[in-house]
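Trainee: You'll find input-v1.cif just under this line, and it carries mmCIF, C-alpha atoms.
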```cif
data_model
loop_
_atom_site.label_atom_id
_atom_site.label_comp_id
_atom_site.auth_asym_id
_atom_site.auth_seq_id
_atom_site.Cartn_x
_atom_site.Cartn_y
_atom_site.Cartn_z
CA MET B 645 69.01 179.24 155.82
CA GLU B 646 70.82 176.04 156.83
CA THR B 647 68.54 174.06 154.52
CA ARG B 648 69.28 176.40 151.64
CA ARG B 649 73.04 176.09 152.11
CA ALA B 650 72.79 172.30 152.34
CA ARG B 651 70.72 172.12 149.17
CA THR B 652 73.17 174.40 147.35
CA ALA B 653 76.08 172.17 148.42
CA ILE B 654 74.28 169.05 147.14
CA PHE B 655 73.56 170.66 143.77
CA GLU B 656 77.16 171.83 143.49
CA ARG B 657 78.43 168.28 144.09
CA ILE B 658 76.06 166.90 141.46
CA ARG B 659 77.20 169.51 138.96
CA GLN B 660 80.84 168.79 139.81
CA HIS B 661 80.38 165.11 138.92
CA GLN B 662 78.70 166.22 135.68
CA LYS B 663 81.82 168.30 134.89
CA ARG B 664 79.84 171.53 135.15
CA GLY B 665 80.43 174.76 137.03
CA PRO B 666 79.09 175.37 140.56
CA GLY B 667 75.90 177.08 139.39
CA PRO B 668 73.62 177.15 136.34
CA THR B 669 74.79 179.30 133.46
CA PRO B 670 72.57 181.83 131.65
CA ASP B 671 72.31 179.40 128.74
CA GLU B 672 71.09 176.63 131.05
CA GLN B 673 68.51 178.91 132.61
CA SER B 674 67.33 180.00 129.17
CA ALA B 675 66.97 176.33 128.18
CA VAL B 676 64.71 175.73 131.17
CA GLN B 677 62.54 178.72 130.27
CA ARG B 678 62.29 177.50 126.66
CA TYR B 679 61.28 174.04 127.84
CA LEU B 680 58.49 175.47 130.00
CA ALA B 681 57.29 177.74 127.20
CA GLU B 682 57.26 174.94 124.63
CA HIS B 683 55.29 172.52 126.81
CA PRO B 684 51.83 174.05 127.26
CA ARG B 685 49.49 173.06 130.06
CA GLY B 686 47.13 170.18 129.61
CA PRO B 687 43.33 170.50 129.60
CA GLN B 688 41.95 172.42 132.57
CA PRO B 689 38.44 173.18 133.82
CA ASP B 690 36.96 176.59 133.14
CA ILE B 691 37.09 178.35 136.52
CA GLY B 692 34.95 181.33 135.69
CA GLY B 693 33.30 183.97 137.83
CA ASP B 694 34.52 185.38 141.13
CA LEU B 695 37.49 183.29 142.32
CA ARG B 696 36.81 184.23 145.94
CA ILE B 697 33.27 182.83 145.76
CA ARG B 698 34.44 179.70 143.95
CA PHE B 699 37.20 179.18 146.52
CA ARG B 700 34.81 179.50 149.46
CA ALA B 701 32.31 177.04 147.99
CA ALA B 702 35.03 174.49 147.23
CA ALA B 703 36.65 174.88 150.66
CA GLU B 704 33.34 174.33 152.42
CA ARG B 705 32.77 171.17 150.38
CA MET B 706 36.08 169.93 151.83
CA SER B 707 34.77 170.53 155.40
CA SER B 708 36.68 173.76 155.98
CA THR B 709 34.83 176.64 157.60
CA VAL B 710 35.20 180.08 156.05
CA ASP B 711 34.88 183.64 157.32
CA GLU B 712 35.57 186.87 155.46
CA VAL B 713 36.86 190.22 156.72
CA ALA B 714 37.55 193.48 154.94
CA HIS B 715 41.09 194.03 156.17
CA ARG B 716 44.06 192.05 157.46
CA ALA B 717 43.84 193.88 160.81
CA ASP B 718 40.32 192.46 161.33
CA ALA B 719 41.58 188.86 161.41
CA PRO B 720 42.27 188.62 165.21
CA ALA B 721 38.70 189.68 166.10
CA ALA B 722 37.31 187.21 163.55
CA LEU B 723 39.40 184.42 165.05
CA ALA B 724 38.26 185.34 168.57
CA ARG B 725 34.64 184.96 167.45
CA TYR B 726 35.38 181.57 165.90
CA LEU B 727 37.14 180.25 169.01
CA ALA B 728 34.29 181.45 171.23
CA ASP B 729 31.70 179.83 168.97
CA LYS B 730 33.56 176.50 169.07
CA GLY B 731 34.26 176.69 172.80
CA LEU B 732 38.01 176.59 172.18
CA ALA B 733 40.72 178.12 174.33
CA ARG B 734 42.07 181.47 173.12
CA GLU B 735 45.62 180.18 172.89
CA ALA B 736 47.55 179.69 169.68
CA VAL B 737 50.92 179.44 168.03
CA VAL B 738 51.34 181.80 165.08
CA TRP B 739 53.75 182.19 162.20
CA PRO B 740 56.37 184.82 163.07
CA ALA B 741 55.38 186.50 159.79
CA LEU B 742 51.94 187.21 161.35
CA ALA B 743 53.10 188.21 164.82
CA ASP B 744 52.53 191.91 164.08
CA LEU B 745 48.73 191.53 164.21
CA ASP B 746 47.00 192.55 167.45
CA TRP B 747 46.16 189.09 168.74
CA ALA B 748 46.36 190.22 172.39
CA GLY B 749 43.88 193.00 171.69
CA ALA B 750 41.38 190.36 170.57
CA GLY B 751 41.96 188.37 173.77
CA ILE B 752 44.10 185.69 172.10
CA ARG B 753 47.41 184.59 173.59
CA ALA B 754 49.37 183.92 170.42
CA GLU B 755 53.05 182.97 170.54
CA ALA B 756 55.30 183.33 167.50
CA ARG B 757 57.29 180.08 167.58
CA ARG B 758 57.21 176.49 166.38
CA PRO B 759 54.43 174.30 167.82
CA ARG B 760 55.17 172.00 170.75
CA ARG B 761 55.44 168.38 169.62
CA ASP B 762 55.40 166.70 173.05
CA GLU B 763 51.94 166.19 174.54
CA SER B 764 53.46 166.10 178.05
CA GLN B 765 54.61 169.72 177.58
CA GLY B 766 51.18 170.90 176.51
CA ALA B 767 50.45 170.64 172.80
CA ASP B 768 49.31 173.84 171.11
CA PRO B 769 45.55 173.73 170.40
CA VAL B 770 45.50 176.23 167.53
CA GLY B 771 47.99 177.01 164.75
CA ILE B 772 47.65 180.27 162.81
CA THR B 773 49.25 180.55 159.36
CA GLY B 774 49.02 182.53 156.19
CA CYS B 775 49.39 180.91 152.79
CA PHE B 776 51.36 181.43 149.61
CA CYS B 777 48.17 181.25 147.57
CA ALA B 778 44.90 179.32 147.40
CA LEU B 779 43.14 177.35 144.65
CA ALA B 780 39.60 178.26 143.65
CA GLU B 781 39.15 174.97 141.82
CA THR B 782 39.50 172.77 144.92
CA GLY B 783 39.41 175.09 147.96
CA THR B 784 43.03 174.20 148.65
CA LEU B 785 45.68 176.17 150.54
CA VAL B 786 49.22 176.25 149.16
CA LEU B 787 51.82 176.71 151.91
CA LEU B 788 55.56 177.15 151.38
CA SER B 789 57.97 176.48 154.21
CA GLY B 790 60.45 179.12 155.32
CA PRO B 791 62.16 180.68 158.36
CA GLN B 792 59.02 182.72 159.13
CA GLU B 793 56.49 180.13 157.91
CA HIS B 794 56.93 176.91 159.88
CA ALA B 795 55.32 173.90 158.19
CA SER B 796 54.57 172.29 161.57
CA THR B 797 52.18 175.13 162.46
CA HIS B 798 49.50 173.77 160.14
CA LEU B 799 50.30 170.10 160.79
CA LEU B 800 50.46 169.61 164.57
CA PRO B 801 47.68 171.63 166.31
CA ASP B 802 44.14 170.22 166.34
CA THR B 803 42.81 173.44 164.81
CA HIS B 804 44.46 175.11 161.82
CA VAL B 805 43.45 178.70 161.06
CA ALA B 806 44.74 180.24 157.82
CA LEU B 807 44.60 183.86 156.68
CA VAL B 808 43.93 183.91 152.93
CA PRO B 809 44.30 187.23 151.05
CA ALA B 810 41.62 187.39 148.37
CA SER B 811 44.27 188.70 145.96
CA ARG B 812 46.21 185.42 146.36
CA ILE B 813 43.37 183.15 145.21
CA VAL B 814 44.22 181.67 141.81
CA ALA B 815 42.14 179.44 139.59
CA THR B 816 44.08 176.16 139.38
CA MET B 817 47.11 174.24 140.63
CA GLU B 818 48.88 175.08 137.38
CA ASP B 819 48.42 178.78 138.18
CA ALA B 820 49.88 178.21 141.64
CA PHE B 821 53.06 176.61 140.27
CA ALA B 822 53.39 179.36 137.67
CA LEU B 823 53.18 181.91 140.51
CA MET B 824 55.86 180.00 142.45
CA ARG B 825 58.19 180.07 139.47
CA THR B 826 57.59 183.80 139.06
CA GLU B 827 58.00 184.79 142.71
CA ARG B 828 60.17 182.07 144.21
CA GLY B 829 62.00 180.56 141.27
CA GLY B 830 65.43 181.33 139.87
CA VAL B 831 68.93 180.78 141.15
CA GLU B 832 68.80 183.35 143.96
CA ALA B 833 65.34 182.73 145.41
CA MET B 834 64.99 179.00 144.69
CA MET B 835 61.96 176.94 145.61
CA PRO B 836 61.32 176.25 149.29
CA ARG B 837 62.15 173.07 151.17
CA ALA B 838 58.50 172.01 151.34
CA VAL B 839 55.33 172.79 149.39
CA ASN B 840 52.21 171.62 151.24
CA MET B 841 48.68 171.65 149.87
CA VAL B 842 45.86 171.53 152.41
CA SER B 843 42.29 170.71 151.38
CA GLY B 844 40.26 170.78 154.56
CA PRO B 845 40.83 168.82 157.78
CA SER B 846 42.99 165.71 157.83
CA ARG B 847 40.91 162.61 157.14
CA THR B 848 41.01 158.89 156.46
CA GLY B 849 38.53 156.35 155.17
CA ASP B 850 40.65 153.25 155.79
CA ILE B 851 38.37 151.74 158.48
CA GLU B 852 35.19 150.33 156.90
CA GLN B 853 35.31 153.23 154.41
CA THR B 854 34.06 155.57 157.13
CA ILE B 855 35.51 159.09 156.91
CA VAL B 856 37.27 160.09 160.15
CA LEU B 857 38.55 163.66 160.53
CA GLY B 858 41.79 164.52 162.29
CA ALA B 859 43.48 161.25 161.42
CA HIS B 860 46.92 162.60 160.59
CA GLY B 861 46.62 166.31 161.38
CA PRO B 862 44.08 169.00 162.34
CA PHE B 863 40.47 168.14 163.16
CA ARG B 864 39.41 171.60 161.99
CA VAL B 865 40.51 173.98 159.26
CA HIS B 866 39.14 177.52 159.48
CA LEU B 867 39.88 180.02 156.72
CA ILE B 868 39.70 183.79 157.13
CA VAL B 869 39.61 185.44 153.71
CA LEU B 870 41.07 188.94 153.75
CA GLY B 871 39.54 191.50 151.43
CA ASP B 872 41.80 193.49 149.15
CA GLU B 873 42.94 196.62 150.92
#
```
Please express what this file holds, its structure, as structure tokens.
Mentor:
Amino acid sequence: METRRARTAIFERIRQHQKRGPGPTPDEQSAVQRYLAEHPRGPQPDIGGDLRIRFRAAAERMSSTVDEVAHRADAPAALARYLADKGLAREAVVWPALADLDWAGAGIRAEARRPRRDESQGADPVGITGCFCALAETGTLVLLSGPQEHASTHLLPDTHVALVPASRIVATMEDAFALMRTERGGVEAMMPRAVNMVSGPSRTGDIEQTIVLGAHGPFRVHLIVLGDE
């Protein structure tokens, strides 16, 4: 909320110097909508077929691993299986928005807080997030920051696990931004402080053009696709 108030104050100062009122008028908002309507999207690939299947294939090409469960409540058990298979500790930091799931019942000690940044205090090995939506074209997660969706949760831990509702898989990036404008746009909601797009584990090819995973973020990205309930 502090970020939102600061952003509002900045916009108000800009508008004041432009000799405008403190907030956008209905006419100004209508002008924005007309601009968007009159500027159609550019050429896009034909993302046909089942978006869930296309998303999984694209995500796996980007070195993510993918599991699927029927219901949201099945996610903790699926994560427990993944951690056991990888020999990873069953400890994680989770978005507060996902704290209601029965992580303890699956044998996972999940704490709803921001990740620890200091290695001397014990860095969190696993970060569990949801996502705003996901892109079938590229296997990409779209994450919006917020009070219950800390951006650091998918950036700091070595392993990032994301819960992806199948109903939130869209075809292209253009569809994702259209969804943001519909659900998070406008004067009251406003766009979030940060929009992050994650396509598999962090990587670099700077050294001798050899791909190295985990260069600037997680070594692993594991996606649990949730069936429509």
Trainee: Do you know which residues the PyMOL selection byres ((chain B and resi 719) around 12) returns on this file, as a ChimeraX atom specification?
Mentor: /B:711-718,720-726,742,744-747,749-750,752,772-774,805-809,866-871
Trainee: Exactly which residues make up the result of the PyMOL selection byres ((chain B and resi 689) around 9) on this file, given as a list in words?
Mentor: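 Those residues are Pro687, Gln688, Asp690, Ile691, Glu781 and Thr816 of chain B.
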Trainee: Since we have the selection now, will you write its residues out, keeping C-alpha atoms, as a PDB file, in the frame of the given file?
Mentor:
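Generated output (again-v7.pdb):
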```pdb
ATOM      1  CA  PRO B 687      43.330 170.500 129.600  1.00  0.00           C
ATOM      2  CA  GLN B 688      41.950 172.420 132.570  1.00  0.00           C
ATOM      3  CA  ASP B 690      36.960 176.590 133.140  1.00  0.00           C
ATOM      4  CA  ILE B 691      37.090 178.350 136.520  1.00  0.00           C
ATOM      5  CA  GLU B 781      39.150 174.970 141.820  1.00  0.00           C
ATOM      6  CA  THR B 816      44.080 176.160 139.380  1.00  0.00           C
TER       7      THR B 816
END
```
Trainee: Please compute the atom CA of B:Ala756-atom CA of B:Asp768 distance, one decimal, in Å.
Mentor: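 Calculated distance between atom CA of B:Ala756 and atom CA of B:Asp768 is 11.8 Å.
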Trainee: Quick check on the file I pasted: which residues fall under the PyMOL selection byres ((chain B and resi 784) around 7)? Write them as a PyMOL selection string.
Mentor: chain B and resi 703+778-779+782-783+785-786+841-843
Trainee: Go through B:Ser846, B:Ser789, B:Ser708, B:Ser811 one by one, measure the shortest atom-to-atom distance of each to B:Val865 using all atoms listed in the file, and give the residue with the smallest value.
Mentor: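 Under the stated criterion, the closest residue is B:Ser708.
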Trainee: Just checking: using all atoms listed in the file, which residue out of B:Ala822, B:Met835, B:Val856, B:Leu787 ends up closest to B:Leu680?
Mentor: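 Once distances to B:Leu680 are computed over all atoms listed in the file, the minimum belongs to B:Ala822.
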Trainee: Report, in Å to a single decimal, how far apart atom CA of B:Val839 and atom CA of B:Arg685 are.
Mentor: 20.2 Å
Trainee: When you count all atoms listed in the file, which of these residues is closest to B:Gly790: B:Glu818, B:Pro769, B:Ala838, B:Glu827?
Mentor: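 With all atoms listed in the file as the atom set, the closest residue is B:Ala838.
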Trainee: What gap, in Å, lies between atom CA of B:Val738 and atom CA of B:Glu755?
Mentor: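 Atom CA of B:Glu755 lies at a distance of 5.8 Å from atom CA of B:Val738.
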Trainee: So which one's closest to B:Ala780, B:Glu735, B:Glu704, B:Asp729, B:Glu852? Using all atoms listed in the file, please.
Mentor: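 Closest candidate: B:Glu704.
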Trainee: Restricting the calculation to all atoms listed in the file: of B:Arg734, B:Arg760, B:Lys663, B:Arg847, which residue gets closest to B:Pro862?
Mentor: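 That would be B:Arg847, the residue with the smallest distance to B:Pro862.
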Trainee: What's the 8 Å shell around stretch 647-656 of chain B, counting all atoms listed in the file, without same-chain residues fewer than 2 positions away, as a PyMOL selection string?
Mentor: chain B and resi 645+658-660+665-667+837
Trainee: Which residue gives the smallest distance to B:Ala810 among B:Ala736, B:Ala767, B:Ile697, B:Ala795, with all atoms listed in the file counted?
Mentor: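 Answer, going by the shortest atom-to-atom distance: B:Ile697.
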